[in-house]
>>> print(open('start37.pdb').read())   # PDB, C-alpha atoms
ATOM      1  CA  MET U  30       0.042 -45.329  58.293
ATOM      2  CA  VAL U  31       2.843 -42.936  57.372
ATOM      3  CA  GLY U  32       5.362 -41.411  59.716
ATOM      4  CA  GLY U  33       7.135 -44.356  61.238
ATOM      5  CA  SER U  34       5.109 -45.558  64.212
ATOM      6  CA  GLY U  35       3.293 -48.825  63.826
ATOM      7  CA  HIS U  36       5.323 -50.126  60.876
ATOM      8  CA  ASN U  37       7.881 -52.255  62.680
ATOM      9  CA  VAL U  38       6.021 -54.845  64.658
ATOM     10  CA  HIS U  39       8.233 -57.117  66.754
ATOM     11  CA  MET U  40       6.975 -60.452  67.997
ATOM     12  CA  GLU U  41       7.561 -61.173  71.652
ATOM     13  CA  SER U  42       9.766 -64.167  70.892
ATOM     14  CA  GLY U  43      12.838 -62.022  70.305
ATOM     15  CA  ASP U  44      14.273 -62.314  66.795
ATOM     16  CA  ASP U  45      10.990 -63.151  65.096
ATOM     17  CA  ARG U  46       9.954 -60.005  63.237
ATOM     18  CA  ASP U  47       6.910 -59.266  61.196
ATOM     19  CA  GLU U  48       7.566 -59.730  57.460
ATOM     20  CA  ALA U  49       7.010 -56.001  56.941
ATOM     21  CA  ASP U  50      10.303 -55.253  58.744
ATOM     22  CA  SER U  51      12.412 -56.764  55.974
ATOM     23  CA  ARG U  52      10.753 -54.741  53.227
ATOM     24  CA  PRO U  53      12.051 -51.374  52.020
ATOM     25  CA  ARG U  54      10.409 -48.323  53.592
ATOM     26  CA  ALA U  55       8.646 -47.367  50.330
ATOM     27  CA  GLU U  56       6.980 -50.802  50.277
ATOM     28  CA  ILE U  57       5.870 -50.525  53.881
ATOM     29  CA  GLU U  58       4.447 -47.039  53.424
ATOM     30  CA  SER U  59       2.552 -47.930  50.255
ATOM     31  CA  GLY U  60       0.848 -50.773  52.091
ATOM     32  CA  SER U  61       0.724 -52.810  48.878
ATOM     33  CA  GLY U  62       4.150 -54.423  48.898
ATOM     34  CA  LEU U  63       5.162 -52.364  45.853
ATOM     35  CA  THR U  64       8.296 -50.270  45.644
ATOM     36  CA  GLU U  65       8.287 -46.734  44.278
ATOM     37  CA  ALA U  66       9.907 -48.088  41.092
ATOM     38  CA  ASP U  67       7.102 -50.668  40.758
ATOM     39  CA  ILE U  68       4.460 -47.978  41.147
ATOM     40  CA  ARG U  69       6.177 -45.722  38.606
ATOM     41  CA  GLY U  70       6.448 -48.656  36.224
ATOM     42  CA  ARG U  71       2.746 -49.401  36.507
ATOM     43  CA  ILE U  72       1.876 -45.738  35.977
ATOM     44  CA  GLY U  73       4.208 -45.607  32.976
ATOM     45  CA  TRP U  74       2.660 -48.657  31.326
ATOM     46  CA  GLY U  75      -0.826 -47.386  32.185
ATOM     47  CA  LEU U  76      -0.032 -44.144  30.358
ATOM     48  CA  VAL U  77       1.214 -46.116  27.334
ATOM     49  CA  ILE U  78      -2.040 -48.112  27.263
ATOM     50  CA  VAL U  79      -4.190 -44.973  27.518
ATOM     51  CA  GLN U  80      -2.149 -43.360  24.740
ATOM     52  CA  PHE U  81      -2.711 -46.335  22.416
ATOM     53  CA  ILE U  82      -6.427 -46.460  23.240
ATOM     54  CA  LEU U  83      -6.795 -42.769  22.373
ATOM     55  CA  LEU U  84      -4.826 -43.119  19.122
ATOM     56  CA  ILE U  85      -6.794 -46.215  18.084
ATOM     57  CA  ALA U  86     -10.078 -44.469  18.939
ATOM     58  CA  LEU U  87      -9.039 -41.513  16.787
ATOM     59  CA  VAL U  88      -8.593 -43.818  13.788
ATOM     60  CA  LEU U  89     -11.594 -46.104  14.349
ATOM     61  CA  LEU U  90     -14.322 -43.611  15.265
ATOM     62  CA  PRO U  91     -16.846 -42.644  12.547
ATOM     63  CA  LYS U  92     -15.428 -40.193  10.012
ATOM     64  CA  ARG U  93     -17.000 -37.224   8.263
ATOM     65  CA  ARG U  94     -15.966 -38.540   4.872
ATOM     66  CA  GLY U  95     -14.265 -41.520   3.323
ATOM     67  CA  LEU U  96     -10.901 -41.569   1.634
ATOM     68  CA  ASP U  97     -12.557 -42.566  -1.669
ATOM     69  CA  LEU U  98     -13.827 -39.011  -2.315
ATOM     70  CA  PRO U  99     -11.749 -36.465  -4.258
ATOM     71  CA  PRO U 100      -9.444 -34.552  -1.913
ATOM     72  CA  ASP U 101     -10.330 -31.073  -0.748
ATOM     73  CA  PHE U 102      -8.153 -28.443   0.941
ATOM     74  CA  LEU U 103      -8.581 -29.980   4.422
ATOM     75  CA  ASP U 104      -7.590 -33.394   3.077
ATOM     76  CA  ILE U 105      -4.378 -32.062   1.565
ATOM     77  CA  LEU U 106      -3.524 -29.990   4.656
ATOM     78  CA  GLY U 107      -4.325 -32.969   6.898
ATOM     79  CA  ILE U 108      -2.180 -35.387   4.924
ATOM     80  CA  ALA U 109       0.707 -32.898   4.944
ATOM     81  CA  LEU U 110       0.418 -32.500   8.733
ATOM     82  CA  MET U 111       0.302 -36.290   9.182
ATOM     83  CA  ILE U 112       3.483 -36.723   7.123
ATOM     84  CA  VAL U 113       5.313 -33.939   8.988
ATOM     85  CA  GLY U 114       4.083 -35.220  12.361
ATOM     86  CA  LEU U 115       5.175 -38.796  11.695
ATOM     87  CA  ALA U 116       8.546 -37.538  10.407
ATOM     88  CA  ILE U 117       9.020 -35.621  13.683
ATOM     89  CA  VAL U 118       8.219 -38.796  15.652
ATOM     90  CA  LEU U 119      10.762 -40.789  13.623
ATOM     91  CA  ILE U 120      13.473 -38.126  14.037
ATOM     92  CA  ALA U 121      12.752 -37.980  17.783
ATOM     93  CA  PHE U 122      12.977 -41.790  18.089
ATOM     94  CA  LEU U 123      16.319 -41.780  16.281
ATOM     95  CA  GLY U 124      17.513 -38.857  18.438
ATOM     96  CA  LEU U 125      16.894 -40.833  21.611
ATOM     97  CA  GLY U 126      18.980 -43.760  20.422
ATOM     98  CA  SER U 127      19.721 -46.118  23.313
ATOM     99  CA  ALA U 128      17.674 -43.898  25.673
ATOM    100  CA  LEU U 129      14.453 -44.842  23.850
ATOM    101  CA  THR U 130      11.974 -46.586  26.115
ATOM    102  CA  ALA U 131       8.306 -47.490  25.711
ATOM    103  CA  THR U 132       7.306 -45.689  28.908
ATOM    104  CA  PRO U 133       8.024 -42.107  29.982
ATOM    105  CA  ILE U 134      10.311 -43.407  32.749
ATOM    106  CA  PRO U 135      13.919 -42.521  31.881
ATOM    107  CA  LEU U 136      16.418 -45.357  31.742
ATOM    108  CA  THR U 137      18.908 -45.214  34.608
ATOM    109  CA  SER U 138      21.866 -45.606  32.245
ATOM    110  CA  ALA U 139      20.706 -42.987  29.716
ATOM    111  CA  ALA U 140      22.146 -39.501  29.488
ATOM    112  CA  LEU U 141      19.921 -36.456  29.072
ATOM    113  CA  ARG U 142      19.267 -35.852  25.367
ATOM    114  CA  THR U 143      19.506 -32.152  24.497
ATOM    115  CA  GLY U 144      20.786 -32.172  20.915
ATOM    116  CA  GLY U 145      19.111 -32.440  17.532
ATOM    117  CA  ILE U 146      15.342 -32.137  17.649
ATOM    118  CA  TYR U 147      15.561 -32.153  21.462
ATOM    119  CA  SER U 148      17.254 -28.747  21.251
ATOM    120  CA  VAL U 149      14.021 -27.368  19.749
ATOM    121  CA  VAL U 150      11.393 -28.942  22.073
ATOM    122  CA  ARG U 151      11.634 -31.317  25.042
ATOM    123  CA  HIS U 152       8.780 -33.580  23.903
ATOM    124  CA  PRO U 153       9.037 -33.911  20.109
ATOM    125  CA  ILE U 154       7.400 -37.366  20.073
ATOM    126  CA  TYR U 155       4.261 -35.934  21.658
ATOM    127  CA  VAL U 156       4.378 -32.921  19.330
ATOM    128  CA  GLY U 157       4.684 -35.203  16.305
ATOM    129  CA  LEU U 158       1.859 -37.474  17.429
ATOM    130  CA  LEU U 159      -0.408 -34.482  18.096
ATOM    131  CA  MET U 160       0.454 -33.000  14.697
ATOM    132  CA  ALA U 161      -0.324 -36.306  12.956
ATOM    133  CA  ALA U 162      -3.576 -36.614  14.935
ATOM    134  CA  LEU U 163      -4.536 -33.059  13.945
ATOM    135  CA  GLY U 164      -3.773 -33.885  10.323
ATOM    136  CA  PHE U 165      -5.908 -37.016  10.447
ATOM    137  CA  THR U 166      -8.735 -35.080  12.088
ATOM    138  CA  LEU U 167      -8.605 -32.389   9.405
ATOM    139  CA  ALA U 168      -8.514 -34.930   6.583
ATOM    140  CA  VAL U 169     -11.303 -37.300   7.583
ATOM    141  CA  GLY U 170     -12.405 -36.479  11.081
ATOM    142  CA  SER U 171     -15.818 -35.851  12.521
ATOM    143  CA  ILE U 172     -16.705 -34.248  15.835
ATOM    144  CA  TRP U 173     -15.632 -37.566  17.424
ATOM    145  CA  GLN U 174     -12.055 -37.136  16.232
ATOM    146  CA  VAL U 175     -12.059 -33.526  17.428
ATOM    147  CA  PHE U 176     -13.094 -34.747  20.885
ATOM    148  CA  VAL U 177     -10.350 -37.408  20.943
ATOM    149  CA  LEU U 178      -7.807 -34.858  19.659
ATOM    150  CA  VAL U 179      -8.611 -32.579  22.602
ATOM    151  CA  LEU U 180      -8.304 -35.542  24.990
ATOM    152  CA  LEU U 181      -4.925 -36.406  23.423
ATOM    153  CA  GLY U 182      -3.719 -32.838  23.930
ATOM    154  CA  VAL U 183      -4.702 -32.873  27.605
ATOM    155  CA  PHE U 184      -3.278 -36.372  28.043
ATOM    156  CA  PHE U 185       0.098 -35.510  26.482
ATOM    157  CA  ALA U 186       0.326 -32.307  28.541
ATOM    158  CA  GLY U 187      -0.142 -34.308  31.752
ATOM    159  CA  LYS U 188       2.202 -37.082  30.619
ATOM    160  CA  ALA U 189       4.867 -34.503  29.737
ATOM    161  CA  LEU U 190       4.604 -32.900  33.182
ATOM    162  CA  TRP U 191       5.140 -36.280  34.858
ATOM    163  CA  GLU U 192       8.021 -37.113  32.520
ATOM    164  CA  ASP U 193       9.601 -33.702  33.217
ATOM    165  CA  ARG U 194       9.400 -34.406  36.950
ATOM    166  CA  LEU U 195      11.105 -37.777  36.508
ATOM    167  CA  LEU U 196      13.837 -36.255  34.337
ATOM    168  CA  ALA U 197      14.387 -33.455  36.861
ATOM    169  CA  GLU U 198      14.779 -36.024  39.658
ATOM    170  CA  LYS U 199      17.239 -38.061  37.594
ATOM    171  CA  HIS U 200      19.356 -35.304  36.042
ATOM    172  CA  GLY U 201      19.002 -32.402  38.501
ATOM    173  CA  ALA U 202      20.618 -29.075  37.564
ATOM    174  CA  PRO U 203      21.418 -29.983  33.932
ATOM    175  CA  TRP U 204      17.756 -30.760  33.316
ATOM    176  CA  PHE U 205      16.614 -27.475  34.890
ATOM    177  CA  ASP U 206      19.091 -25.544  32.730
ATOM    178  CA  TYR U 207      17.832 -27.408  29.662
ATOM    179  CA  ALA U 208      14.174 -26.789  30.558
ATOM    180  CA  ASP U 209      14.905 -23.066  31.028
ATOM    181  CA  HIS U 210      16.081 -22.848  27.422
ATOM    182  CA  VAL U 211      13.926 -25.407  25.594
ATOM    183  CA  GLY U 212      10.127 -25.414  25.624
ATOM    184  CA  GLY U 213       8.097 -28.543  26.244
ATOM    185  CA  PHE U 214       5.846 -28.410  23.180
ATOM    186  CA  TRP U 215       6.739 -25.061  21.610
ATOM    187  CA  PRO U 216      10.216 -23.692  20.909
ATOM    188  CA  HIS U 217      11.228 -20.797  23.142
ATOM    189  CA  LEU U 218      11.596 -17.596  21.193
ATOM    190  CA  ARG U 219      15.134 -16.294  21.462
ATOM    191  CA  ARG U 220      15.425 -12.779  22.807
ATOM    192  CA  ASP U 221      18.359 -10.619  21.810
ATOM    193  CA  HIS U 222      19.864  -8.717  24.731
TER     194      HIS U 222
END
>>> encode(input="start37.pdb", output="structure tokens")
Amino acid sequence: MVGGSGHNVHMESGDDRDEADSRPRAEIESGSGLTEADIRGRIGWGLVIVQFILLIALVLLPKRRGLDLPPDFLDILGIALMIVGLAIVLIAFLGLGSALTATPIPLTSAALRTGGIYSVVRHPIYVGLLMAALGFTLAVGSIWQVFVLVLLGVFFAGKALWEDRLLAEKHGAPWFDYADHVGGFWPHLRRDH
């Protein structure tokens, strides 16, 4: 029940209160004993697990061709995209420095990163992973990899929206100013006035 009534149950013996009274409001309202931070943490780790499952599926699903065949144009283009994508991921990791975390939940002590590669796009790790996945799909992929690549794109778009919301809550106006000038997955085109 949300809205206040029914949450604080007092026993008739005076000071004896139901255990729910000593819990934070977010715990009481969730009905599960979990705080909002606990719920966000579980969602964050769930997203990490889904991400790894999708990336592993991309690699392990049947391929259209093996790596033992002579390379064709798609192989070369795919390998180039994988190298560039993984380089973007590495640069983005280094750009986060001490703000790097396994989940999309920002660290409370971390400042908003807006320099380096983060001045080009807000989610360069996702961009790099998608680019590497596209490269892999072009090089060896079958229709299965194409399907997983589409799922990855949808997944990262949703994960980025949630991460943006968390960053907006944490950083407020500076984040909104940053988001107005820097695209999530694509750089904003500068307009001369």
>>> residues_around(input="start37.pdb", residues="region 75-90 of chain U", least_positions_apart="3", cutoff="8 Å", atoms="all atoms listed in the file", output="PDB file with C-alpha atoms, in the frame of the given file")
ATOM      1  CA  ARG U  71       2.746 -49.401  36.507  1.00  0.00           C
ATOM      2  CA  ILE U  72       1.876 -45.738  35.977  1.00  0.00           C
ATOM      3  CA  ALA U 131       8.306 -47.490  25.711  1.00  0.00           C
ATOM      4  CA  THR U 132       7.306 -45.689  28.908  1.00  0.00           C
ATOM      5  CA  ALA U 162      -3.576 -36.614  14.935  1.00  0.00           C
ATOM      6  CA  THR U 166      -8.735 -35.080  12.088  1.00  0.00           C
ATOM      7  CA  TRP U 173     -15.632 -37.566  17.424  1.00  0.00           C
ATOM      8  CA  GLN U 174     -12.055 -37.136  16.232  1.00  0.00           C
ATOM      9  CA  VAL U 177     -10.350 -37.408  20.943  1.00  0.00           C
ATOM     10  CA  LEU U 178      -7.807 -34.858  19.659  1.00  0.00           C
ATOM     11  CA  LEU U 180      -8.304 -35.542  24.990  1.00  0.00           C
ATOM     12  CA  LEU U 181      -4.925 -36.406  23.423  1.00  0.00           C
ATOM     13  CA  PHE U 184      -3.278 -36.372  28.043  1.00  0.00           C
ATOM     14  CA  LYS U 188       2.202 -37.082  30.619  1.00  0.00           C
TER      15      LYS U 188
END
>>> resolve_selection(input="start37.pdb", expression="the PyMOL selection byres ((chain U and resi 141) around 12)", output="PyMOL selection string")
chain U and resi 124-129+135-140+142-144+147-148+151+193+195-208
>>> closest_residue(input="start37.pdb", among="U:Ala168, U:Tyr155, U:Ala161, U:Asp209", to="Ala186 (chain U)", atoms="all atoms listed in the file")
U:Tyr155
>>> resolve_selection(input="start37.pdb", expression="the PyMOL selection byres ((chain U and resi 154) around 7)", output="PDB file with C-alpha atoms, in the coordinates of the input")
ATOM      1  CA  ILE U 117       9.020 -35.621  13.683  1.00  0.00           C
ATOM      2  CA  VAL U 118       8.219 -38.796  15.652  1.00  0.00           C
ATOM      3  CA  ALA U 121      12.752 -37.980  17.783  1.00  0.00           C
ATOM      4  CA  HIS U 152       8.780 -33.580  23.903  1.00  0.00           C
ATOM      5  CA  PRO U 153       9.037 -33.911  20.109  1.00  0.00           C
ATOM      6  CA  TYR U 155       4.261 -35.934  21.658  1.00  0.00           C
ATOM      7  CA  VAL U 156       4.378 -32.921  19.330  1.00  0.00           C
ATOM      8  CA  GLY U 157       4.684 -35.203  16.305  1.00  0.00           C
ATOM      9  CA  LEU U 158       1.859 -37.474  17.429  1.00  0.00           C
TER      10      LEU U 158
END
>>> closest_residue(input="start37.pdb", among="U:Pro216, U:Leu106, U:Ser171, U:Ile134", to="Ile68 (chain U)", atoms="all atoms listed in the file")
U:Ile134
>>> atom_distance(input="start37.pdb", atom1="CA of Phe165 (chain U)", atom2="CA of Gly107 (chain U)")
5.6 Å
>>> build_atoms(input="start37.pdb", residues="region 146-178 of chain U", atoms="N, CA and C atoms", output="PDB file, in the frame of the given file")
ATOM      1  N   ILE U 146      16.712 -32.623  17.487  1.00  0.00           N
ATOM      2  CA  ILE U 146      15.342 -32.137  17.649  1.00  0.00           C
ATOM      3  C   ILE U 146      15.026 -31.808  19.111  1.00  0.00           C
ATOM      4  N   TYR U 147      15.774 -32.424  20.037  1.00  0.00           N
ATOM      5  CA  TYR U 147      15.561 -32.153  21.462  1.00  0.00           C
ATOM      6  C   TYR U 147      16.134 -30.797  21.871  1.00  0.00           C
ATOM      7  N   SER U 148      16.817 -30.117  20.976  1.00  0.00           N
ATOM      8  CA  SER U 148      17.254 -28.747  21.251  1.00  0.00           C
ATOM      9  C   SER U 148      16.172 -27.744  20.857  1.00  0.00           C
ATOM     10  N   VAL U 149      15.126 -28.230  20.183  1.00  0.00           N
ATOM     11  CA  VAL U 149      14.021 -27.368  19.749  1.00  0.00           C
ATOM     12  C   VAL U 149      12.852 -27.463  20.738  1.00  0.00           C
ATOM     13  N   VAL U 150      12.443 -28.689  21.078  1.00  0.00           N
ATOM     14  CA  VAL U 150      11.393 -28.942  22.073  1.00  0.00           C
ATOM     15  C   VAL U 150      11.783 -30.156  22.904  1.00  0.00           C
ATOM     16  N   ARG U 151      11.298 -30.200  24.152  1.00  0.00           N
ATOM     17  CA  ARG U 151      11.634 -31.317  25.042  1.00  0.00           C
ATOM     18  C   ARG U 151      10.835 -32.573  24.738  1.00  0.00           C
ATOM     19  N   HIS U 152       9.662 -32.430  24.134  1.00  0.00           N
ATOM     20  CA  HIS U 152       8.780 -33.580  23.903  1.00  0.00           C
ATOM     21  C   HIS U 152       8.386 -33.689  22.424  1.00  0.00           C
ATOM     22  N   PRO U 153       9.374 -33.883  21.539  1.00  0.00           N
ATOM     23  CA  PRO U 153       9.037 -33.911  20.109  1.00  0.00           C
ATOM     24  C   PRO U 153       8.174 -35.111  19.705  1.00  0.00           C
ATOM     25  N   ILE U 154       8.252 -36.222  20.415  1.00  0.00           N
ATOM     26  CA  ILE U 154       7.400 -37.366  20.073  1.00  0.00           C
ATOM     27  C   ILE U 154       5.940 -36.994  20.282  1.00  0.00           C
ATOM     28  N   TYR U 155       5.641 -36.347  21.391  1.00  0.00           N
ATOM     29  CA  TYR U 155       4.261 -35.934  21.658  1.00  0.00           C
ATOM     30  C   TYR U 155       3.809 -34.884  20.650  1.00  0.00           C
ATOM     31  N   VAL U 156       4.700 -33.948  20.327  1.00  0.00           N
ATOM     32  CA  VAL U 156       4.378 -32.921  19.330  1.00  0.00           C
ATOM     33  C   VAL U 156       4.066 -33.576  17.989  1.00  0.00           C
ATOM     34  N   GLY U 157       4.906 -34.522  17.574  1.00  0.00           N
ATOM     35  CA  GLY U 157       4.684 -35.203  16.305  1.00  0.00           C
ATOM     36  C   GLY U 157       3.393 -35.999  16.277  1.00  0.00           C
ATOM     37  N   LEU U 158       3.104 -36.707  17.371  1.00  0.00           N
ATOM     38  CA  LEU U 158       1.859 -37.474  17.429  1.00  0.00           C
ATOM     39  C   LEU U 158       0.636 -36.557  17.402  1.00  0.00           C
ATOM     40  N   LEU U 159       0.710 -35.438  18.116  1.00  0.00           N
ATOM     41  CA  LEU U 159      -0.408 -34.482  18.096  1.00  0.00           C
ATOM     42  C   LEU U 159      -0.577 -33.863  16.708  1.00  0.00           C
ATOM     43  N   MET U 160       0.536 -33.563  16.048  1.00  0.00           N
ATOM     44  CA  MET U 160       0.454 -33.000  14.697  1.00  0.00           C
ATOM     45  C   MET U 160      -0.159 -34.006  13.731  1.00  0.00           C
ATOM     46  N   ALA U 161       0.255 -35.274  13.815  1.00  0.00           N
ATOM     47  CA  ALA U 161      -0.324 -36.306  12.956  1.00  0.00           C
ATOM     48  C   ALA U 161      -1.803 -36.511  13.270  1.00  0.00           C
ATOM     49  N   ALA U 162      -2.171 -36.466  14.543  1.00  0.00           N
ATOM     50  CA  ALA U 162      -3.576 -36.614  14.935  1.00  0.00           C
ATOM     51  C   ALA U 162      -4.408 -35.442  14.422  1.00  0.00           C
ATOM     52  N   LEU U 163      -3.848 -34.236  14.492  1.00  0.00           N
ATOM     53  CA  LEU U 163      -4.536 -33.059  13.945  1.00  0.00           C
ATOM     54  C   LEU U 163      -4.720 -33.221  12.441  1.00  0.00           C
ATOM     55  N   GLY U 164      -3.673 -33.674  11.761  1.00  0.00           N
ATOM     56  CA  GLY U 164      -3.773 -33.885  10.323  1.00  0.00           C
ATOM     57  C   GLY U 164      -4.846 -34.899   9.966  1.00  0.00           C
ATOM     58  N   PHE U 165      -4.889 -35.999  10.687  1.00  0.00           N
ATOM     59  CA  PHE U 165      -5.908 -37.016  10.447  1.00  0.00           C
ATOM     60  C   PHE U 165      -7.301 -36.442  10.686  1.00  0.00           C
ATOM     61  N   THR U 166      -7.442 -35.677  11.757  1.00  0.00           N
ATOM     62  CA  THR U 166      -8.735 -35.080  12.088  1.00  0.00           C
ATOM     63  C   THR U 166      -9.177 -34.115  10.995  1.00  0.00           C
ATOM     64  N   LEU U 167      -8.252 -33.315  10.489  1.00  0.00           N
ATOM     65  CA  LEU U 167      -8.605 -32.389   9.405  1.00  0.00           C
ATOM     66  C   LEU U 167      -8.987 -33.136   8.134  1.00  0.00           C
ATOM     67  N   ALA U 168      -8.279 -34.217   7.831  1.00  0.00           N
ATOM     68  CA  ALA U 168      -8.514 -34.930   6.583  1.00  0.00           C
ATOM     69  C   ALA U 168      -9.827 -35.701   6.572  1.00  0.00           C
ATOM     70  N   VAL U 169     -10.123 -36.429   7.630  1.00  0.00           N
ATOM     71  CA  VAL U 169     -11.303 -37.300   7.583  1.00  0.00           C
ATOM     72  C   VAL U 169     -12.177 -37.210   8.826  1.00  0.00           C
ATOM     73  N   GLY U 170     -11.769 -36.437   9.778  1.00  0.00           N
ATOM     74  CA  GLY U 170     -12.405 -36.479  11.081  1.00  0.00           C
ATOM     75  C   GLY U 170     -13.786 -35.877  11.166  1.00  0.00           C
ATOM     76  N   SER U 171     -14.518 -36.389  12.149  1.00  0.00           N
ATOM     77  CA  SER U 171     -15.818 -35.851  12.521  1.00  0.00           C
ATOM     78  C   SER U 171     -15.659 -35.199  13.891  1.00  0.00           C
ATOM     79  N   ILE U 172     -16.750 -34.833  14.494  1.00  0.00           N
ATOM     80  CA  ILE U 172     -16.705 -34.248  15.835  1.00  0.00           C
ATOM     81  C   ILE U 172     -16.081 -35.239  16.824  1.00  0.00           C
ATOM     82  N   TRP U 173     -16.214 -36.550  16.546  1.00  0.00           N
ATOM     83  CA  TRP U 173     -15.632 -37.566  17.424  1.00  0.00           C
ATOM     84  C   TRP U 173     -14.108 -37.455  17.454  1.00  0.00           C
ATOM     85  N   GLN U 174     -13.511 -37.284  16.278  1.00  0.00           N
ATOM     86  CA  GLN U 174     -12.055 -37.136  16.232  1.00  0.00           C
ATOM     87  C   GLN U 174     -11.613 -35.840  16.906  1.00  0.00           C
ATOM     88  N   VAL U 175     -12.395 -34.790  16.762  1.00  0.00           N
ATOM     89  CA  VAL U 175     -12.059 -33.526  17.428  1.00  0.00           C
ATOM     90  C   VAL U 175     -12.043 -33.733  18.942  1.00  0.00           C
ATOM     91  N   PHE U 176     -13.023 -34.454  19.455  1.00  0.00           N
ATOM     92  CA  PHE U 176     -13.094 -34.747  20.885  1.00  0.00           C
ATOM     93  C   PHE U 176     -11.870 -35.546  21.335  1.00  0.00           C
ATOM     94  N   VAL U 177     -11.514 -36.591  20.586  1.00  0.00           N
ATOM     95  CA  VAL U 177     -10.350 -37.408  20.943  1.00  0.00           C
ATOM     96  C   VAL U 177      -9.067 -36.587  20.816  1.00  0.00           C
ATOM     97  N   LEU U 178      -8.988 -35.715  19.825  1.00  0.00           N
ATOM     98  CA  LEU U 178      -7.807 -34.858  19.659  1.00  0.00           C
ATOM     99  C   LEU U 178      -7.617 -33.962  20.882  1.00  0.00           C
TER     100      LEU U 178
END
